[in-house]
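J.: One structure, as structure tokens, below. Some questions next.
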Amino acid sequence: MIAGTHSGAGKTTITIGIIGYLSKKYNVVPFKVGPDYIDTAYHRFASGNFSYNLDVYMLGEDYVKKSFLKHALSGDVAVVEGVMGMYDGTNNTSYGSSAHVAKLLNLPVILVVDASGMAASVSALVKGYIEYDKDVSVVGVIFNRVGSEKYYNLLKECIERDLGIRAFGYLPHDDRVSLPERHLGLTPIFETKGDHNFSILYDSIGKFIDVDGILDACDVDLKKDDSDEGKVTVRIRETVKIALAYDEAFNFYYQDSLDSLIESGGKLIPFSPLRDDAIPKGVSGIYLGGGFPEVFAERLSKNHSMLSSIKESIEKGMPVYAECGGLMYLAKKNRGFKWS
């Protein structure tokens, strides 16, 4: 697990970089702690594989364990990105936090530390994270926003001298590898139009971080769960085609949810409310997931044929499941903007 001391420490940038760097050689299966759709899309871009959410609050501990084992064992390397600060969970507790999931899955943790403006104080900071809950296995640190190799060596000396854990490297301050942000976090990768410098990021990871050392320190023996407890047997009578809204405006889905639909006999037919004229032919239902429809309100509103297609289908009795942005899309008005 790649965890951070706090939001903004750089864990997402470093996680994406490590996933992308490792994916040149290994089949990497990525995961994200908590309810996040944007980071998982970046993971998929970097690895070529779907990223799965480890959301204890929504899915429960048992399902999170089963999901992790199932998917982690399908690849060579599993990389889990934490959420917020390492101990930040529900309200003022650590429930659902990176630390909670690390203990639940017995994962070694690499702590990302924003080292700007610190020297020996970095030892006090990291010591607090190690000792706050000694059941969390922090095996090393990666420093972010480091000004020079000389500065990194100073930080490394402090950590290894004072705490006896490894410093696996650093990421120098480089505006070229900063990920674009806006409200609610990163700008979704679907909206970046290829305007990113991931190759520079991957090269920096290989140059400044001991990735092989991380793999050696985090070598965990995962065992397949053959238990039938909690499993549901589904008898599929027929395949049901479901129209799935999927484009820049609608892309917030848990991959586990989509997998469950497929395993239960659903065939997902992607369509774009932004660009297509109508929902796909021959479908028996519509799934409108979350996203940022408010960002694309004008374009969505002007796609009259799609709006009519969805409205007429619903009025004729077609089942529709809409959540978050998908539900906003079905409303008559969206933040004061009336659909045409």
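Residue numbers start at 1 in each chain; chains themselves are named A, B, ... in the order of the structure tokens; ligands are numbered from 1 in the order shown.
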Could you make a table, as CSV, of the residues of region 82-175 of chain A that have an atom within 8 Å of an atom of region 30-40 of chain A, each with its nearest atom pair and distance in Å to one decimal, counting only C-alpha atoms, in chain and number order?
T.:
residue,atom,partner,partner_atom,distance
A:Gly82,CA,A:Val33,CA,5.1
A:Val83,CA,A:Val33,CA,5.6
A:Gly96,CA,A:Gly34,CA,6.9
A:Ser97,CA,A:Val33,CA,7.4
A:Ser98,CA,A:Val33,CA,6.3
A:Val101,CA,A:Val33,CA,7.3
J.: Next, write the just-selected residues to a file, as an mmCIF file, in the first residue's frame, keeping C-alpha atoms as the atom set.
T.:
data_model
loop_
_atom_site.group_PDB
_atom_site.id
_atom_site.type_symbol
_atom_site.label_atom_id
_atom_site.label_comp_id
_atom_site.auth_asym_id
_atom_site.auth_seq_id
_atom_site.Cartn_x
_atom_site.Cartn_y
_atom_site.Cartn_z
ATOM 1 C CA GLY A 82 -4.538 4.806 0.267
ATOM 2 C CA VAL A 83 -7.012 7.587 0.952
ATOM 3 C CA GLY A 96 -12.361 2.758 6.552
ATOM 4 C CA SER A 97 -8.968 4.479 6.504
ATOM 5 C CA SER A 98 -5.802 3.358 4.761
ATOM 6 C CA VAL A 101 -7.540 -1.596 5.216
#
J.: Skipping near chain neighbours, those fewer than 6 positions away, what residues fall within 8 Å of Ser123 (chain A) using only C-alpha atoms, listed as a PyMOL selection string?
T.: chain A and resi 158-159+162-163
J.: With a distance cut-off of 12 Å and only C-alpha atoms, select the neighbouring residues of Glu81 (chain A), excluding the residue or stretch itself and same-chain residues fewer than 3 positions from it, and output the selection as a PyMOL selection string.
T.: chain A and resi 1-4+10-19+29-36+39-40+42-43+51-55+78+84-86+97-99+101-102+107-112
J.: Which is closest to Met118 (chain A) among A:Leu154, A:Ala322, A:Glu149, A:Asp88, if we use only C-alpha atoms?
T.: A:Leu154
J.: Taking the DSSP secondary structure from the backbone, can you list the residues of region 135-226 of chain A that are alpha helix (DSSP H), as a ChimeraX atom specification?
T.: /A:149-162,198-208,211-217
J.: Do you know which residues are at most 7 Å from Leu201 (chain A) counting only C-alpha atoms, after dropping those on the same chain fewer than 3 positions away, and could you put them as a PyMOL selection string?
T.: chain A and resi 17+177+197-198+204-205
J.: Using the selection just defined, write its residues with N, CA and C atoms as an mmCIF file, in the first residue's frame.
T.:
data_model
loop_
_atom_site.group_PDB
_atom_site.id
_atom_site.type_symbol
_atom_site.label_atom_id
_atom_site.label_comp_id
_atom_site.auth_asym_id
_atom_site.auth_seq_id
_atom_site.Cartn_x
_atom_site.Cartn_y
_atom_site.Cartn_z
ATOM 1 N N GLY A 17 2.695 6.684 -10.783
ATOM 2 C CA GLY A 17 4.028 6.510 -11.346
ATOM 3 C C GLY A 17 4.566 5.108 -11.140
ATOM 4 N N VAL A 177 5.201 16.859 -13.906
ATOM 5 C CA VAL A 177 4.524 15.621 -13.510
ATOM 6 C C VAL A 177 3.369 15.873 -12.539
ATOM 7 N N ASN A 197 1.949 14.115 -18.740
ATOM 8 C CA ASN A 197 3.347 13.740 -18.945
ATOM 9 C C ASN A 197 3.689 12.471 -18.165
ATOM 10 N N PHE A 198 2.914 11.423 -18.390
ATOM 11 C CA PHE A 198 3.130 10.215 -17.615
ATOM 12 C C PHE A 198 4.469 9.555 -17.934
ATOM 13 N N SER A 204 10.942 9.260 -13.960
ATOM 14 C CA SER A 204 11.390 9.788 -12.668
ATOM 15 C C SER A 204 11.295 8.731 -11.576
ATOM 16 N N ILE A 205 10.233 7.924 -11.632
ATOM 17 C CA ILE A 205 10.083 6.845 -10.653
ATOM 18 C C ILE A 205 11.261 5.880 -10.761
#
J.: Considering only C-alpha atoms, state which residue in the set A:Val77, A:Phe271, A:Tyr254, A:Ala120 is at the smallest distance from Asp216 (chain A).
T.: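 Of A:Val77, A:Phe271, A:Tyr254, A:Ala120, the one nearest Asp216 (chain A), counting only C-alpha atoms, is A:Val77.
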J.: Write out as an NGL selection string all residues of region 85-259 of chain A that backbone DSSP assigns to strand (DSSP E).
T.: :A and (85 or 109-114 or 138-146 or 166-172 or 181-182 or 185-186 or 240-245 or 250-252)
